[in-house]
>>> print(open('run39.pdb').read())   # PDB, C-alpha atoms
MODEL        1
ATOM      1  CA  MET A 419     108.477  43.145  55.583
ATOM      2  CA  LYS A 420     105.042  44.423  54.691
ATOM      3  CA  ALA A 421     104.602  46.894  51.848
ATOM      4  CA  TRP A 422     102.796  49.519  53.985
ATOM      5  CA  ALA A 423     105.571  49.556  56.578
ATOM      6  CA  LYS A 424     108.291  50.578  54.080
ATOM      7  CA  GLY A 425     106.855  54.117  53.606
ATOM      8  CA  ASP A 426     106.567  54.745  57.342
ATOM      9  CA  ARG A 427     110.200  54.125  58.228
ATOM     10  CA  GLY A 428     111.629  56.976  60.319
ATOM     11  CA  SER A 429     108.349  58.904  60.547
ATOM     12  CA  VAL A 430     108.362  58.620  64.352
ATOM     13  CA  SER A 431     111.843  60.189  64.427
ATOM     14  CA  ALA A 432     110.608  63.183  62.455
ATOM     15  CA  TRP A 433     107.715  63.676  64.902
ATOM     16  CA  VAL A 434     110.068  63.417  67.901
ATOM     17  CA  VAL A 435     112.388  66.061  66.437
ATOM     18  CA  LEU A 436     109.452  68.357  65.609
ATOM     19  CA  PHE A 437     107.930  68.061  69.085
ATOM     20  CA  ALA A 438     111.329  68.474  70.776
ATOM     21  CA  VAL A 439     111.963  71.745  68.909
ATOM     22  CA  LEU A 440     108.432  72.947  69.637
ATOM     23  CA  THR A 441     108.830  72.104  73.340
ATOM     24  CA  ILE A 442     112.135  73.980  73.561
ATOM     25  CA  VAL A 443     110.614  77.060  71.885
ATOM     26  CA  LEU A 444     107.618  77.004  74.250
ATOM     27  CA  LEU A 445     109.909  76.662  77.280
ATOM     28  CA  ALA A 446     112.000  79.598  76.060
ATOM     29  CA  LEU A 447     108.804  81.672  75.687
ATOM     30  CA  LEU A 448     107.815  80.734  79.228
ATOM     31  CA  VAL A 449     111.225  81.742  80.599
ATOM     32  CA  ASP A 450     111.217  85.010  78.605
ATOM     33  CA  GLY A 451     107.756  85.901  79.910
ATOM     34  CA  GLY A 452     108.824  85.233  83.490
ATOM     35  CA  GLN A 453     112.018  87.251  83.065
ATOM     36  CA  ALA A 454     110.080  90.162  81.551
ATOM     37  CA  MET A 455     107.631  90.185  84.492
ATOM     38  CA  LEU A 456     110.511  90.006  86.982
ATOM     39  CA  GLU A 457     112.308  92.863  85.246
ATOM     40  CA  LYS A 458     109.111  94.964  85.290
ATOM     41  CA  VAL A 459     108.938  94.533  89.074
ATOM     42  CA  ARG A 460     112.635  95.402  89.452
ATOM     43  CA  VAL A 461     112.273  98.516  87.296
ATOM     44  CA  ALA A 462     109.243  99.629  89.355
ATOM     45  CA  ASP A 463     111.239  99.142  92.568
ATOM     46  CA  ILE A 464     114.170 101.111  91.171
ATOM     47  CA  ALA A 465     111.879 103.937  89.996
ATOM     48  CA  GLU A 466     110.307 104.065  93.454
ATOM     49  CA  GLN A 467     113.715 104.329  95.118
ATOM     50  CA  GLY A 468     114.726 107.041  92.633
ATOM     51  CA  ALA A 469     111.576 109.016  93.460
ATOM     52  CA  ARG A 470     112.312 108.683  97.167
ATOM     53  CA  ALA A 471     115.892 109.861  96.637
ATOM     54  CA  ALA A 472     114.646 112.862  94.639
ATOM     55  CA  ALA A 473     112.060 113.729  97.282
ATOM     56  CA  ASP A 474     114.706 113.387  99.983
ATOM     57  CA  ASP A 475     116.792 116.125  98.346
ATOM     58  CA  VAL A 476     115.227 119.036 100.221
ATOM     59  CA  ASN A 477     116.224 122.670  99.706
ATOM     60  CA  THR A 478     117.824 123.301 103.115
ATOM     61  CA  ALA A 479     118.017 127.093 102.620
ATOM     62  CA  ASP A 480     114.207 127.376 102.331
ATOM     63  CA  LEU A 481     113.721 124.944 105.188
ATOM     64  CA  ARG A 482     115.982 126.926 107.508
ATOM     65  CA  ALA A 483     114.678 130.328 106.412
ATOM     66  CA  ASP A 484     110.925 129.926 106.810
ATOM     67  CA  GLY A 485     110.228 126.219 107.319
ATOM     68  CA  THR A 486     108.854 125.571 103.831
ATOM     69  CA  VAL A 487     109.724 122.255 102.259
ATOM     70  CA  THR A 488     110.772 122.512  98.621
ATOM     71  CA  LEU A 489     112.831 120.291  96.379
ATOM     72  CA  GLY A 490     116.529 121.041  96.154
ATOM     73  CA  PRO A 491     118.127 122.105  92.884
ATOM     74  CA  GLY A 492     119.803 118.719  92.372
ATOM     75  CA  TYR A 493     116.849 116.443  93.071
ATOM     76  CA  CYS A 494     117.037 114.946  89.578
ATOM     77  CA  ASN A 495     120.740 114.143  89.979
ATOM     78  CA  ALA A 496     119.997 112.337  93.240
ATOM     79  CA  ALA A 497     117.379 110.225  91.475
ATOM     80  CA  LYS A 498     119.660 109.410  88.536
ATOM     81  CA  THR A 499     122.519 108.424  90.822
ATOM     82  CA  ILE A 500     120.445 105.993  92.852
ATOM     83  CA  VAL A 501     118.694 104.568  89.765
ATOM     84  CA  ASN A 502     121.993 103.892  87.972
ATOM     85  CA  SER A 503     123.457 102.341  91.124
ATOM     86  CA  TYR A 504     120.492 100.012  91.634
ATOM     87  CA  ALA A 505     120.213  99.134  87.937
ATOM     88  CA  SER A 506     123.863  98.121  87.747
ATOM     89  CA  SER A 507     123.679  96.090  90.969
ATOM     90  CA  ALA A 508     120.567  94.288  89.656
ATOM     91  CA  GLN A 509     122.393  93.674  86.347
ATOM     92  CA  LEU A 510     119.658  95.346  84.312
ATOM     93  CA  GLY A 511     122.018  97.264  82.061
ATOM     94  CA  ALA A 512     121.853 100.963  81.335
ATOM     95  CA  ALA A 513     118.765 102.696  82.681
ATOM     96  CA  THR A 514     117.219 105.832  81.217
ATOM     97  CA  THR A 515     115.902 108.140  83.934
ATOM     98  CA  GLN A 516     113.517 111.089  83.617
ATOM     99  CA  CYS A 517     112.320 113.057  86.591
ATOM    100  CA  GLY A 518     110.218 116.107  87.185
ATOM    101  CA  VAL A 519     107.426 117.733  89.097
ATOM    102  CA  PRO A 520     103.916 117.139  87.728
ATOM    103  CA  THR A 521     102.204 120.261  86.387
ATOM    104  CA  ASP A 522      98.911 119.493  88.160
ATOM    105  CA  PRO A 523      99.649 117.696  91.453
ATOM    106  CA  PRO A 524      96.809 117.000  93.893
ATOM    107  CA  ALA A 525      96.106 119.902  96.264
ATOM    108  CA  ASN A 526      96.864 117.950  99.430
ATOM    109  CA  VAL A 527     100.215 116.550  98.177
ATOM    110  CA  PRO A 528     103.085 119.017  98.634
ATOM    111  CA  GLU A 529     106.163 118.867  96.402
ATOM    112  CA  LEU A 530     105.299 115.761  94.421
ATOM    113  CA  VAL A 531     108.162 114.415  92.292
ATOM    114  CA  SER A 532     107.841 111.766  89.589
ATOM    115  CA  VAL A 533     110.610 109.484  88.270
ATOM    116  CA  THR A 534     110.372 107.361  85.114
ATOM    117  CA  VAL A 535     112.889 104.564  84.540
ATOM    118  CA  SER A 536     113.304 102.633  81.274
ATOM    119  CA  VAL A 537     115.464  99.548  80.750
ATOM    120  CA  LYS A 538     116.016  97.553  77.554
ATOM    121  CA  PHE A 539     114.928  93.895  77.787
ATOM    122  CA  GLN A 540     116.615  91.330  75.535
ATOM    123  CA  PRO A 541     114.613  88.068  75.263
ATOM    124  CA  MET A 542     116.308  84.691  74.828
ATOM    125  CA  LEU A 543     114.405  84.218  71.583
ATOM    126  CA  SER A 544     115.847  87.388  70.084
ATOM    127  CA  LEU A 545     115.677  85.879  66.588
ATOM    128  CA  ILE A 546     111.895  85.705  66.874
ATOM    129  CA  PHE A 547     111.110  88.561  69.283
ATOM    130  CA  PRO A 548     112.967  91.878  69.205
ATOM    131  CA  SER A 549     114.210  93.595  72.332
ATOM    132  CA  PHE A 550     111.851  96.084  73.945
ATOM    133  CA  MET A 551     111.841  98.734  76.662
ATOM    134  CA  ILE A 552     110.379  98.108  80.095
ATOM    135  CA  THR A 553     109.246 101.375  81.682
ATOM    136  CA  SER A 554     107.879 102.293  85.088
ATOM    137  CA  THR A 555     106.883 105.638  86.630
ATOM    138  CA  GLU A 556     106.744 106.171  90.384
ATOM    139  CA  SER A 557     106.131 109.250  92.549
ATOM    140  CA  ALA A 558     107.138 110.446  95.997
ATOM    141  CA  THR A 559     106.436 113.536  98.049
ATOM    142  CA  VAL A 560     108.213 115.634 100.634
ATOM    143  CA  PHE A 561     106.537 116.402 103.954
ATOM    144  CA  CYS A 562     107.403 116.527 107.614
ATOM    145  CA  GLY A 563     105.908 114.209 110.197
ATOM    146  CA  GLY A 564     104.289 110.867 109.531
ATOM    147  CA  TYR A 565     101.912 109.959 106.756
ATOM    148  CA  ASP A 566      98.892 110.195 109.060
ATOM    149  CA  GLN A 567      99.979 113.380 110.819
ATOM    150  CA  GLN A 568     101.718 115.790 108.523
ATOM    151  CA  GLU A 569     103.053 118.860 110.231
ATOM    152  CA  LYS A 570     104.786 122.098 109.350
ATOM    153  CA  CYS A 571     108.543 121.754 109.379
TER     154      CYS A 571
ENDMDL
END
>>> encode(input="run39.pdb", output="structure tokens")
Amino acid sequence: MKAWAKGDRGSVSAWVVLFAVLTIVLLALLVDGGQAMLEKVRVADIAEQGARAAADDVNTADLRADGTVTLGPGYCNAAKTIVNSYASSAQLGAATTQCGVPTDPPANVPELVSVTVSVKFQPMLSLIFPSFMITSTESATVFCGGYDQQEKC
């Protein structure tokens, strides 16, 4: 055996182990990034459905009395119920829901309601990257008629 070859024994094995670990870490980062983007889309969809549920909770007394469309007293409960239902069916864990009416809505948008949903995301590489919150805010409005032709109720 040559003298220079004795010091190189097993060096290829060390490189294979190093590159294998590096490849696994990079693949885990790729999967975590994809899962985080997917969860962001799911949270946005759930927030949108919560806003629609809140906007759908119309105060029937006002509607029957003079035809004005206003949000019902339990519009936030309707949003929280639908958000929790969708979050559990999508296996996203516990969702934090906040809803309310913006203080300065656009003039041509009656009874705008906004719903914010937050869900905790736990990456696969939790030893390297801590968990973080994924948040989305969506809005919906209450009106009669179609989008193009709004009419008085």
>>> residues_around(input="run39.pdb", residues="Thr555 in chain A", least_positions_apart="5", cutoff="8 Å", atoms="all atoms listed in the file", output="ChimeraX atom specification")
/A:462,465-466,532-535
>>> resolve_selection(input="run39.pdb", expression="the PyMOL selection byres ((chain A and resi 450) around 12)", output="PDB file with C-alpha atoms, keeping the file's coordinate frame")
ATOM      1  CA  VAL A 443     110.614  77.060  71.885  1.00  0.00           C
ATOM      2  CA  LEU A 444     107.618  77.004  74.250  1.00  0.00           C
ATOM      3  CA  LEU A 445     109.909  76.662  77.280  1.00  0.00           C
ATOM      4  CA  ALA A 446     112.000  79.598  76.060  1.00  0.00           C
ATOM      5  CA  LEU A 447     108.804  81.672  75.687  1.00  0.00           C
ATOM      6  CA  LEU A 448     107.815  80.734  79.228  1.00  0.00           C
ATOM      7  CA  VAL A 449     111.225  81.742  80.599  1.00  0.00           C
ATOM      8  CA  GLY A 451     107.756  85.901  79.910  1.00  0.00           C
ATOM      9  CA  GLY A 452     108.824  85.233  83.490  1.00  0.00           C
ATOM     10  CA  GLN A 453     112.018  87.251  83.065  1.00  0.00           C
ATOM     11  CA  ALA A 454     110.080  90.162  81.551  1.00  0.00           C
ATOM     12  CA  MET A 455     107.631  90.185  84.492  1.00  0.00           C
ATOM     13  CA  LEU A 456     110.511  90.006  86.982  1.00  0.00           C
ATOM     14  CA  GLU A 457     112.308  92.863  85.246  1.00  0.00           C
ATOM     15  CA  PHE A 539     114.928  93.895  77.787  1.00  0.00           C
ATOM     16  CA  GLN A 540     116.615  91.330  75.535  1.00  0.00           C
ATOM     17  CA  PRO A 541     114.613  88.068  75.263  1.00  0.00           C
ATOM     18  CA  MET A 542     116.308  84.691  74.828  1.00  0.00           C
ATOM     19  CA  LEU A 543     114.405  84.218  71.583  1.00  0.00           C
ATOM     20  CA  SER A 544     115.847  87.388  70.084  1.00  0.00           C
ATOM     21  CA  ILE A 546     111.895  85.705  66.874  1.00  0.00           C
ATOM     22  CA  PHE A 547     111.110  88.561  69.283  1.00  0.00           C
ATOM     23  CA  PRO A 548     112.967  91.878  69.205  1.00  0.00           C
ATOM     24  CA  SER A 549     114.210  93.595  72.332  1.00  0.00           C
TER      25      SER A 549
END
>>> closest_residue(input="run39.pdb", among="A:Ala432, A:Lys458, A:Ala512, A:Gly485", to="Ile552 in chain A", atoms="only C-alpha atoms")
A:Lys458
>>> closest_residue(input="run39.pdb", among="A:Asn495, A:Ser503, A:Thr559, A:Gln467", to="Pro520 in chain A", atoms="all atoms listed in the file")
A:Thr559
>>> axis_aligned_box(input="run39.pdb", around="range 490-506 of chain A", padding_each_side="8 Å", output="JSON")
{"center_x": 120.2, "center_y": 110.1, "center_z": 92.0, "size_x": 23.3, "size_y": 40.0, "size_z": 24.4}
>>> residues_around(input="run39.pdb", residues="Thr514 in chain A", least_positions_apart="5", cutoff="12 Å", atoms="all atoms listed in the file", output="mmCIF file with C-alpha atoms, keeping the file's coordinate frame")
data_model
loop_
_atom_site.group_PDB
_atom_site.id
_atom_site.type_symbol
_atom_site.label_atom_id
_atom_site.label_comp_id
_atom_site.auth_asym_id
_atom_site.auth_seq_id
_atom_site.Cartn_x
_atom_site.Cartn_y
_atom_site.Cartn_z
ATOM 1 C CA VAL A 461 112.273 98.516 87.296
ATOM 2 C CA ILE A 464 114.170 101.111 91.171
ATOM 3 C CA ALA A 465 111.879 103.937 89.996
ATOM 4 C CA GLY A 468 114.726 107.041 92.633
ATOM 5 C CA ALA A 497 117.379 110.225 91.475
ATOM 6 C CA LYS A 498 119.660 109.410 88.536
ATOM 7 C CA THR A 499 122.519 108.424 90.822
ATOM 8 C CA VAL A 501 118.694 104.568 89.765
ATOM 9 C CA ASN A 502 121.993 103.892 87.972
ATOM 10 C CA ALA A 505 120.213 99.134 87.937
ATOM 11 C CA VAL A 533 110.610 109.484 88.270
ATOM 12 C CA THR A 534 110.372 107.361 85.114
ATOM 13 C CA VAL A 535 112.889 104.564 84.540
ATOM 14 C CA SER A 536 113.304 102.633 81.274
ATOM 15 C CA VAL A 537 115.464 99.548 80.750
ATOM 16 C CA LYS A 538 116.016 97.553 77.554
ATOM 17 C CA MET A 551 111.841 98.734 76.662
ATOM 18 C CA ILE A 552 110.379 98.108 80.095
ATOM 19 C CA THR A 553 109.246 101.375 81.682
ATOM 20 C CA SER A 554 107.879 102.293 85.088
ATOM 21 C CA THR A 555 106.883 105.638 86.630
#
>>> atom_distance(input="run39.pdb", atom1="CA of Asp463 in chain A", atom2="CA of Glu529 in chain A")
20.7 Å
>>> atom_distance(input="run39.pdb", atom1="CA of Gly518 in chain A", atom2="CA of Leu530 in chain A")
8.8 Å
>>> build_atoms(input="run39.pdb", residues="range 430-465 of chain A", atoms="N, CA and C atoms", output="PDB file, in the coordinates of the input")
ATOM      1  N   VAL A 430     108.420  58.335  62.926  1.00  0.00           N
ATOM      2  CA  VAL A 430     108.362  58.620  64.352  1.00  0.00           C
ATOM      3  C   VAL A 430     109.529  59.531  64.739  1.00  0.00           C
ATOM      4  N   SER A 431     110.685  59.328  64.141  1.00  0.00           N
ATOM      5  CA  SER A 431     111.843  60.189  64.427  1.00  0.00           C
ATOM      6  C   SER A 431     111.573  61.627  64.026  1.00  0.00           C
ATOM      7  N   ALA A 432     110.930  61.832  62.898  1.00  0.00           N
ATOM      8  CA  ALA A 432     110.608  63.183  62.455  1.00  0.00           C
ATOM      9  C   ALA A 432     109.647  63.858  63.436  1.00  0.00           C
ATOM     10  N   TRP A 433     108.654  63.119  63.926  1.00  0.00           N
ATOM     11  CA  TRP A 433     107.715  63.676  64.902  1.00  0.00           C
ATOM     12  C   TRP A 433     108.418  64.001  66.225  1.00  0.00           C
ATOM     13  N   VAL A 434     109.335  63.172  66.654  1.00  0.00           N
ATOM     14  CA  VAL A 434     110.068  63.417  67.901  1.00  0.00           C
ATOM     15  C   VAL A 434     110.904  64.684  67.773  1.00  0.00           C
ATOM     16  N   VAL A 435     111.584  64.856  66.650  1.00  0.00           N
ATOM     17  CA  VAL A 435     112.388  66.061  66.437  1.00  0.00           C
ATOM     18  C   VAL A 435     111.490  67.293  66.402  1.00  0.00           C
ATOM     19  N   LEU A 436     110.377  67.228  65.695  1.00  0.00           N
ATOM     20  CA  LEU A 436     109.452  68.357  65.609  1.00  0.00           C
ATOM     21  C   LEU A 436     108.917  68.740  66.986  1.00  0.00           C
ATOM     22  N   PHE A 437     108.466  67.767  67.757  1.00  0.00           N
ATOM     23  CA  PHE A 437     107.930  68.061  69.085  1.00  0.00           C
ATOM     24  C   PHE A 437     109.018  68.518  70.053  1.00  0.00           C
ATOM     25  N   ALA A 438     110.233  68.024  69.922  1.00  0.00           N
ATOM     26  CA  ALA A 438     111.329  68.474  70.776  1.00  0.00           C
ATOM     27  C   ALA A 438     111.640  69.945  70.511  1.00  0.00           C
ATOM     28  N   VAL A 439     111.702  70.342  69.247  1.00  0.00           N
ATOM     29  CA  VAL A 439     111.963  71.745  68.909  1.00  0.00           C
ATOM     30  C   VAL A 439     110.819  72.624  69.394  1.00  0.00           C
ATOM     31  N   LEU A 440     109.597  72.190  69.193  1.00  0.00           N
ATOM     32  CA  LEU A 440     108.432  72.947  69.637  1.00  0.00           C
ATOM     33  C   LEU A 440     108.426  73.099  71.162  1.00  0.00           C
ATOM     34  N   THR A 441     108.773  72.048  71.879  1.00  0.00           N
ATOM     35  CA  THR A 441     108.830  72.104  73.340  1.00  0.00           C
ATOM     36  C   THR A 441     109.900  73.069  73.815  1.00  0.00           C
ATOM     37  N   ILE A 442     111.050  73.068  73.180  1.00  0.00           N
ATOM     38  CA  ILE A 442     112.135  73.980  73.561  1.00  0.00           C
ATOM     39  C   ILE A 442     111.726  75.433  73.305  1.00  0.00           C
ATOM     40  N   VAL A 443     111.074  75.699  72.190  1.00  0.00           N
ATOM     41  CA  VAL A 443     110.614  77.060  71.885  1.00  0.00           C
ATOM     42  C   VAL A 443     109.571  77.509  72.908  1.00  0.00           C
ATOM     43  N   LEU A 444     108.630  76.641  73.262  1.00  0.00           N
ATOM     44  CA  LEU A 444     107.618  77.004  74.250  1.00  0.00           C
ATOM     45  C   LEU A 444     108.236  77.236  75.630  1.00  0.00           C
ATOM     46  N   LEU A 445     109.220  76.445  76.010  1.00  0.00           N
ATOM     47  CA  LEU A 445     109.909  76.662  77.280  1.00  0.00           C
ATOM     48  C   LEU A 445     110.676  77.984  77.280  1.00  0.00           C
ATOM     49  N   ALA A 446     111.294  78.318  76.162  1.00  0.00           N
ATOM     50  CA  ALA A 446     112.000  79.598  76.060  1.00  0.00           C
ATOM     51  C   ALA A 446     111.018  80.760  76.166  1.00  0.00           C
ATOM     52  N   LEU A 447     109.830  80.638  75.561  1.00  0.00           N
ATOM     53  CA  LEU A 447     108.804  81.672  75.687  1.00  0.00           C
ATOM     54  C   LEU A 447     108.355  81.816  77.137  1.00  0.00           C
ATOM     55  N   LEU A 448     108.211  80.705  77.829  1.00  0.00           N
ATOM     56  CA  LEU A 448     107.815  80.734  79.228  1.00  0.00           C
ATOM     57  C   LEU A 448     108.875  81.429  80.080  1.00  0.00           C
ATOM     58  N   VAL A 449     110.133  81.114  79.851  1.00  0.00           N
ATOM     59  CA  VAL A 449     111.225  81.742  80.599  1.00  0.00           C
ATOM     60  C   VAL A 449     111.303  83.232  80.271  1.00  0.00           C
ATOM     61  N   ASP A 450     111.179  83.595  78.995  1.00  0.00           N
ATOM     62  CA  ASP A 450     111.217  85.010  78.605  1.00  0.00           C
ATOM     63  C   ASP A 450     110.077  85.795  79.251  1.00  0.00           C
ATOM     64  N   GLY A 451     108.891  85.224  79.274  1.00  0.00           N
ATOM     65  CA  GLY A 451     107.756  85.901  79.910  1.00  0.00           C
ATOM     66  C   GLY A 451     107.987  86.112  81.394  1.00  0.00           C
ATOM     67  N   GLY A 452     108.514  85.104  82.070  1.00  0.00           N
ATOM     68  CA  GLY A 452     108.824  85.233  83.490  1.00  0.00           C
ATOM     69  C   GLY A 452     109.905  86.263  83.748  1.00  0.00           C
ATOM     70  N   GLN A 453     110.940  86.272  82.911  1.00  0.00           N
ATOM     71  CA  GLN A 453     112.018  87.251  83.065  1.00  0.00           C
ATOM     72  C   GLN A 453     111.507  88.671  82.815  1.00  0.00           C
ATOM     73  N   ALA A 454     110.629  88.839  81.839  1.00  0.00           N
ATOM     74  CA  ALA A 454     110.080  90.162  81.551  1.00  0.00           C
ATOM     75  C   ALA A 454     109.234  90.662  82.721  1.00  0.00           C
ATOM     76  N   MET A 455     108.429  89.779  83.335  1.00  0.00           N
ATOM     77  CA  MET A 455     107.631  90.185  84.492  1.00  0.00           C
ATOM     78  C   MET A 455     108.528  90.522  85.679  1.00  0.00           C
ATOM     79  N   LEU A 456     109.575  89.736  85.892  1.00  0.00           N
ATOM     80  CA  LEU A 456     110.511  90.006  86.982  1.00  0.00           C
ATOM     81  C   LEU A 456     111.219  91.338  86.770  1.00  0.00           C
ATOM     82  N   GLU A 457     111.623  91.608  85.536  1.00  0.00           N
ATOM     83  CA  GLU A 457     112.308  92.863  85.246  1.00  0.00           C
ATOM     84  C   GLU A 457     111.364  94.056  85.408  1.00  0.00           C
ATOM     85  N   LYS A 458     110.089  93.887  85.082  1.00  0.00           N
ATOM     86  CA  LYS A 458     109.111  94.964  85.290  1.00  0.00           C
ATOM     87  C   LYS A 458     109.007  95.305  86.776  1.00  0.00           C
ATOM     88  N   VAL A 459     109.002  94.297  87.635  1.00  0.00           N
ATOM     89  CA  VAL A 459     108.938  94.533  89.074  1.00  0.00           C
ATOM     90  C   VAL A 459     110.214  95.221  89.554  1.00  0.00           C
ATOM     91  N   ARG A 460     111.364  94.774  89.063  1.00  0.00           N
ATOM     92  CA  ARG A 460     112.635  95.402  89.452  1.00  0.00           C
ATOM     93  C   ARG A 460     112.700  96.859  89.013  1.00  0.00           C
ATOM     94  N   VAL A 461     112.253  97.138  87.800  1.00  0.00           N
ATOM     95  CA  VAL A 461     112.273  98.516  87.296  1.00  0.00           C
ATOM     96  C   VAL A 461     111.331  99.393  88.125  1.00  0.00           C
ATOM     97  N   ALA A 462     110.168  98.863  88.507  1.00  0.00           N
ATOM     98  CA  ALA A 462     109.243  99.629  89.355  1.00  0.00           C
ATOM     99  C   ALA A 462     109.874  99.910  90.717  1.00  0.00           C
ATOM    100  N   ASP A 463     110.563  98.930  91.290  1.00  0.00           N
ATOM    101  CA  ASP A 463     111.239  99.142  92.568  1.00  0.00           C
ATOM    102  C   ASP A 463     112.331 100.205  92.446  1.00  0.00           C
ATOM    103  N   ILE A 464     113.088 100.144  91.374  1.00  0.00           N
ATOM    104  CA  ILE A 464     114.170 101.111  91.171  1.00  0.00           C
ATOM    105  C   ILE A 464     113.601 102.517  90.959  1.00  0.00           C
ATOM    106  N   ALA A 465     112.510 102.624  90.204  1.00  0.00           N
ATOM    107  CA  ALA A 465     111.879 103.937  89.996  1.00  0.00           C
ATOM    108  C   ALA A 465     111.352 104.487  91.315  1.00  0.00           C
TER     109      ALA A 465
END
